[in-house]
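**Student:** entry36.cif (mmCIF, N, CA and C atoms) pasted underneath:
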data_my_file
loop_
_atom_site.group_PDB
_atom_site.id
_atom_site.type_symbol
_atom_site.label_atom_id
_atom_site.label_comp_id
_atom_site.auth_asym_id
_atom_site.auth_seq_id
_atom_site.Cartn_x
_atom_site.Cartn_y
_atom_site.Cartn_z
ATOM 1 N N MET Y 6 13.881 -28.080 -34.444
ATOM 2 C CA MET Y 6 12.510 -28.367 -34.052
ATOM 3 C C MET Y 6 11.542 -27.338 -34.652
ATOM 4 N N LEU Y 7 11.982 -26.093 -34.640
ATOM 5 C CA LEU Y 7 11.150 -25.021 -35.197
ATOM 6 C C LEU Y 7 10.912 -25.234 -36.698
ATOM 7 N N VAL Y 8 11.915 -25.737 -37.378
ATOM 8 C CA VAL Y 8 11.789 -25.978 -38.811
ATOM 9 C C VAL Y 8 10.757 -27.084 -39.062
ATOM 10 N N VAL Y 9 10.768 -28.118 -38.238
ATOM 11 C CA VAL Y 9 9.814 -29.223 -38.399
ATOM 12 C C VAL Y 9 8.392 -28.726 -38.142
ATOM 13 N N VAL Y 10 8.196 -27.951 -37.105
ATOM 14 C CA VAL Y 10 6.868 -27.423 -36.782
ATOM 15 C C VAL Y 10 6.387 -26.506 -37.895
ATOM 16 N N THR Y 11 7.247 -25.635 -38.369
ATOM 17 C CA THR Y 11 6.881 -24.722 -39.459
ATOM 18 C C THR Y 11 6.532 -25.504 -40.725
ATOM 19 N N THR Y 12 7.304 -26.516 -41.024
ATOM 20 C CA THR Y 12 7.043 -27.333 -42.207
ATOM 21 C C THR Y 12 5.702 -28.042 -42.093
ATOM 22 N N VAL Y 13 5.400 -28.600 -40.936
ATOM 23 C CA VAL Y 13 4.131 -29.301 -40.734
ATOM 24 C C VAL Y 13 2.963 -28.330 -40.850
ATOM 25 N N ILE Y 14 3.097 -27.146 -40.256
ATOM 26 C CA ILE Y 14 2.019 -26.151 -40.320
ATOM 27 C C ILE Y 14 1.776 -25.720 -41.770
ATOM 28 N N LEU Y 15 2.832 -25.424 -42.498
ATOM 29 C CA LEU Y 15 2.677 -25.027 -43.898
ATOM 30 C C LEU Y 15 2.119 -26.166 -44.735
ATOM 31 N N TYR Y 16 2.514 -27.385 -44.445
ATOM 32 C CA TYR Y 16 2.018 -28.557 -45.162
ATOM 33 C C TYR Y 16 0.518 -28.720 -44.952
ATOM 34 N N VAL Y 17 0.084 -28.594 -43.707
ATOM 35 C CA VAL Y 17 -1.344 -28.731 -43.387
ATOM 36 C C VAL Y 17 -2.135 -27.591 -44.021
ATOM 37 N N PHE Y 18 -1.659 -26.361 -43.875
ATOM 38 C CA PHE Y 18 -2.365 -25.237 -44.481
ATOM 39 C C PHE Y 18 -2.403 -25.350 -46.003
ATOM 40 N N GLY Y 19 -1.377 -25.920 -46.597
ATOM 41 C CA GLY Y 19 -1.366 -26.128 -48.035
ATOM 42 C C GLY Y 19 -2.482 -27.067 -48.463
ATOM 43 N N PHE Y 20 -2.675 -28.153 -47.695
ATOM 44 C CA PHE Y 20 -3.755 -29.077 -48.026
ATOM 45 C C PHE Y 20 -5.122 -28.450 -47.813
ATOM 46 N N VAL Y 21 -5.262 -27.663 -46.768
ATOM 47 C CA VAL Y 21 -6.542 -26.982 -46.526
ATOM 48 C C VAL Y 21 -6.826 -26.000 -47.651
ATOM 49 N N PHE Y 22 -5.811 -25.253 -48.066
ATOM 50 C CA PHE Y 22 -5.977 -24.309 -49.164
ATOM 51 C C PHE Y 22 -6.330 -25.038 -50.462
ATOM 52 N N LEU Y 23 -5.618 -26.131 -50.732
ATOM 53 C CA LEU Y 23 -5.882 -26.901 -51.941
ATOM 54 C C LEU Y 23 -7.291 -27.478 -51.922
ATOM 55 N N TYR Y 24 -7.737 -27.955 -50.774
ATOM 56 C CA TYR Y 24 -9.105 -28.464 -50.646
ATOM 57 C C TYR Y 24 -10.115 -27.363 -50.969
ATOM 58 N N GLY Y 25 -9.888 -26.169 -50.452
ATOM 59 C CA GLY Y 25 -10.797 -25.047 -50.702
ATOM 60 C C GLY Y 25 -10.840 -24.664 -52.171
ATOM 61 N N VAL Y 26 -9.690 -24.646 -52.818
ATOM 62 C CA VAL Y 26 -9.637 -24.289 -54.235
ATOM 63 C C VAL Y 26 -10.357 -25.334 -55.074
ATOM 64 N N ILE Y 27 -10.124 -26.605 -54.773
ATOM 65 C CA ILE Y 27 -10.791 -27.668 -55.521
ATOM 66 C C ILE Y 27 -12.295 -27.612 -55.295
ATOM 67 N N ARG Y 28 -12.707 -27.404 -54.052
ATOM 68 C CA ARG Y 28 -14.135 -27.335 -53.738
ATOM 69 C C ARG Y 28 -14.798 -26.161 -54.469
ATOM 70 N N LEU Y 29 -14.126 -25.030 -54.495
ATOM 71 C CA LEU Y 29 -14.653 -23.861 -55.197
ATOM 72 C C LEU Y 29 -14.770 -24.128 -56.698
ATOM 73 N N GLY Y 30 -13.749 -24.758 -57.259
ATOM 74 C CA GLY Y 30 -13.789 -25.084 -58.683
ATOM 75 C C GLY Y 30 -14.909 -26.049 -59.023
ATOM 76 N N VAL Y 31 -15.115 -27.053 -58.185
ATOM 77 C CA VAL Y 31 -16.187 -28.023 -58.429
ATOM 78 C C VAL Y 31 -17.544 -27.343 -58.320
ATOM 79 N N ARG Y 32 -17.702 -26.466 -57.328
ATOM 80 C CA ARG Y 32 -18.985 -25.765 -57.176
ATOM 81 C C ARG Y 32 -19.301 -24.911 -58.393
ATOM 82 N N HIS Y 33 -18.313 -24.174 -58.883
ATOM 83 C CA HIS Y 33 -18.536 -23.342 -60.062
ATOM 84 C C HIS Y 33 -18.800 -24.215 -61.289
ATOM 85 N N GLY Y 34 -18.117 -25.328 -61.374
ATOM 86 C CA GLY Y 34 -18.353 -26.246 -62.484
ATOM 87 C C GLY Y 34 -19.766 -26.792 -62.466
ATOM 88 N N MET Y 35 -20.262 -27.149 -61.291
ATOM 89 C CA MET Y 35 -21.622 -27.666 -61.178
ATOM 90 C C MET Y 35 -22.648 -26.594 -61.539
ATOM 91 N N GLU Y 36 -22.389 -25.355 -61.143
ATOM 92 C CA GLU Y 36 -23.291 -24.265 -61.514
ATOM 93 C C GLU Y 36 -23.316 -24.079 -63.028
ATOM 94 N N ASP Y 37 -22.155 -24.185 -63.670
ATOM 95 C CA ASP Y 37 -22.098 -24.069 -65.128
ATOM 96 C C ASP Y 37 -22.874 -25.199 -65.797
ATOM 97 N N VAL Y 38 -22.759 -26.409 -65.240
ATOM 98 C CA VAL Y 38 -23.480 -27.554 -65.801
ATOM 99 C C VAL Y 38 -24.985 -27.344 -65.680
ATOM 100 N N GLU Y 39 -25.436 -26.861 -64.531
ATOM 101 C CA GLU Y 39 -26.867 -26.621 -64.338
ATOM 102 C C GLU Y 39 -27.375 -25.544 -65.298
ATOM 103 N N THR Y 40 -26.605 -24.494 -65.487
ATOM 104 C CA THR Y 40 -26.985 -23.428 -66.416
ATOM 105 C C THR Y 40 -27.047 -23.965 -67.842
ATOM 106 N N HIS Y 41 -26.043 -24.742 -68.206
ATOM 107 C CA HIS Y 41 -26.013 -25.306 -69.562
ATOM 108 C C HIS Y 41 -27.161 -26.281 -69.772
ATOM 109 N N ARG Y 42 -27.482 -27.068 -68.746
ATOM 110 C CA ARG Y 42 -28.586 -28.029 -68.858
ATOM 111 C C ARG Y 42 -29.901 -27.305 -69.112
ATOM 112 N N ALA Y 43 -30.129 -26.194 -68.425
ATOM 113 C CA ALA Y 43 -31.362 -25.422 -68.633
ATOM 114 C C ALA Y 43 -31.404 -24.845 -70.045
ATOM 115 N N GLN Y 44 -30.273 -24.380 -70.541
ATOM 116 C CA GLN Y 44 -30.233 -23.819 -71.893
ATOM 117 C C GLN Y 44 -30.497 -24.896 -72.942
ATOM 118 N N VAL Y 45 -29.937 -26.071 -72.735
ATOM 119 C CA VAL Y 45 -30.149 -27.170 -73.684
ATOM 120 C C VAL Y 45 -31.613 -27.598 -73.677
ATOM 121 N N LEU Y 46 -32.214 -27.685 -72.496
ATOM 122 C CA LEU Y 46 -33.622 -28.060 -72.409
ATOM 123 C C LEU Y 46 -34.494 -27.041 -73.133
ATOM 124 N N ARG Y 47 -34.206 -25.777 -72.936
ATOM 125 C CA ARG Y 47 -34.973 -24.716 -73.603
ATOM 126 C C ARG Y 47 -34.796 -24.799 -75.120
ATOM 127 N N ALA Y 48 -33.582 -25.072 -75.572
ATOM 128 C CA ALA Y 48 -33.332 -25.185 -77.013
ATOM 129 C C ALA Y 48 -34.076 -26.383 -77.600
ATOM 130 N N GLU Y 49 -34.119 -27.489 -76.858
ATOM 131 C CA GLU Y 49 -34.855 -28.662 -77.340
ATOM 132 C C GLU Y 49 -36.345 -28.372 -77.446
ATOM 133 N N GLN Y 50 -36.892 -27.684 -76.465
ATOM 134 C CA GLN Y 50 -38.305 -27.345 -76.505
ATOM 135 C C GLN Y 50 -38.602 -26.410 -77.669
ATOM 136 N N LEU Y 51 -37.742 -25.441 -77.889
ATOM 137 C CA LEU Y 51 -37.924 -24.501 -78.996
ATOM 138 C C LEU Y 51 -37.838 -25.220 -80.335
ATOM 139 N N ALA Y 52 -36.891 -26.145 -80.474
ATOM 140 C CA ALA Y 52 -36.751 -26.901 -81.717
ATOM 141 C C ALA Y 52 -37.990 -27.757 -81.965
ATOM 142 N N SER Y 53 -38.534 -28.332 -80.907
ATOM 143 C CA SER Y 53 -39.739 -29.151 -81.048
ATOM 144 C C SER Y 53 -40.918 -28.309 -81.528
ATOM 145 N N VAL Y 54 -41.076 -27.143 -80.957
ATOM 146 C CA VAL Y 54 -42.158 -26.239 -81.368
ATOM 147 C C VAL Y 54 -41.954 -25.808 -82.820
ATOM 148 N N GLN Y 55 -40.727 -25.501 -83.190
ATOM 149 C CA GLN Y 55 -40.456 -25.088 -84.563
ATOM 150 C C GLN Y 55 -40.724 -26.228 -85.546
ATOM 151 N N ASP Y 56 -40.380 -27.464 -85.167
ATOM 152 C CA ASP Y 56 -40.648 -28.612 -86.038
ATOM 153 C C ASP Y 56 -42.146 -28.806 -86.251
ATOM 154 N N ARG Y 57 -42.909 -28.701 -85.170
ATOM 155 C CA ARG Y 57 -44.357 -28.858 -85.299
ATOM 156 C C ARG Y 57 -44.950 -27.748 -86.166
ATOM 157 N N THR Y 58 -44.479 -26.538 -85.979
ATOM 158 C CA THR Y 58 -44.971 -25.412 -86.769
ATOM 159 C C THR Y 58 -44.623 -25.608 -88.246
ATOM 160 N N PHE Y 59 -43.410 -26.031 -88.511
ATOM 161 C CA PHE Y 59 -42.991 -26.260 -89.893
ATOM 162 C C PHE Y 59 -43.837 -27.359 -90.530
ATOM 163 N N ALA Y 60 -44.067 -28.466 -89.786
ATOM 164 C CA ALA Y 60 -44.865 -29.568 -90.321
ATOM 165 C C ALA Y 60 -46.302 -29.132 -90.576
ATOM 166 N N ARG Y 61 -46.840 -28.292 -89.703
ATOM 167 C CA ARG Y 61 -48.212 -27.817 -89.878
ATOM 168 C C ARG Y 61 -48.313 -26.890 -91.090
ATOM 169 N N GLU Y 62 -47.323 -26.032 -91.256
ATOM 170 C CA GLU Y 62 -47.352 -25.082 -92.364
ATOM 171 C C GLU Y 62 -47.029 -25.746 -93.696
ATOM 172 N N ASN Y 63 -46.293 -26.853 -93.667
ATOM 173 C CA ASN Y 63 -45.875 -27.525 -94.900
ATOM 174 C C ASN Y 63 -46.334 -28.986 -94.864
ATOM 175 N N ALA Y 64 -47.628 -29.173 -94.750
ATOM 176 C CA ALA Y 64 -48.185 -30.508 -94.615
ATOM 177 C C ALA Y 64 -47.917 -31.366 -95.834
ATOM 178 N N PHE Y 65 -47.741 -30.753 -96.985
ATOM 179 C CA PHE Y 65 -47.481 -31.529 -98.204
ATOM 180 C C PHE Y 65 -46.115 -32.246 -98.130
ATOM 181 N N LEU Y 66 -45.201 -31.743 -97.311
ATOM 182 C CA LEU Y 66 -43.896 -32.386 -97.171
ATOM 183 C C LEU Y 66 -43.936 -33.584 -96.217
ATOM 184 N N THR Y 67 -44.885 -33.588 -95.299
ATOM 185 C CA THR Y 67 -44.955 -34.661 -94.312
ATOM 186 C C THR Y 67 -45.783 -35.837 -94.786
ATOM 187 N N GLY Y 68 -46.452 -35.715 -95.891
ATOM 188 C CA GLY Y 68 -47.270 -36.798 -96.412
ATOM 189 C C GLY Y 68 -48.627 -36.888 -95.755
ATOM 190 N N SER Y 69 -49.013 -35.874 -95.020
ATOM 191 C CA SER Y 69 -50.325 -35.890 -94.344
ATOM 192 C C SER Y 69 -51.374 -35.205 -95.182
#
Would it be possible to restate this file's structure as structure tokens?
**Tutor:**
Amino acid sequence: MLVVVTTVILYVFGFVFLYGVIRLGVRHGMEDVETHRAQVLRAEQLASVQDRTFARENAFLTGS
């Protein structure tokens, strides 16, 4: 009987531990995605500004 109780307790704690590890991993993954999204947005804005500056400085290339 003691073996069954011990097995059930370890089984339940194993699932609780696994849930915590998965939850922690997902949270860190979401934080990485948010950080990467901000960096990509900033890079897109910078590229847009650089394109406009290049077109303004080299108007003969744009046909204007």
**Student:** Mind giving me the straight-line distance from atom C of Y:Ala43 to atom N of Y:Arg57 in Å, one decimal?
**Tutor:** 19.4 Å
**Student:** For atom CA of Y:Ile27 and atom N of Y:Thr11, determine how far apart the two atoms are, in Å to one decimal place.
**Tutor:** 25.0 Å
**Student:** Mind giving me the straight-line distance from atom N of Y:Arg42 to atom CA of Y:Phe22 in Å, one decimal?
**Tutor:**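 Value for the atom N of Y:Arg42-atom CA of Y:Phe22 distance: 29.2 Å.
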**Student:** Give the padded box for stretch 22-31 of chain Y as AutoDock Vina command-line options: axis-aligned, covering all atoms listed in the file, 4 Å on each side, centre and edge lengths in Å to one decimal.
**Tutor:**
--center_x -11.6 --center_y -26.2 --center_z -53.5 --size_x 19.9 --size_y 12.6 --size_z 19.0
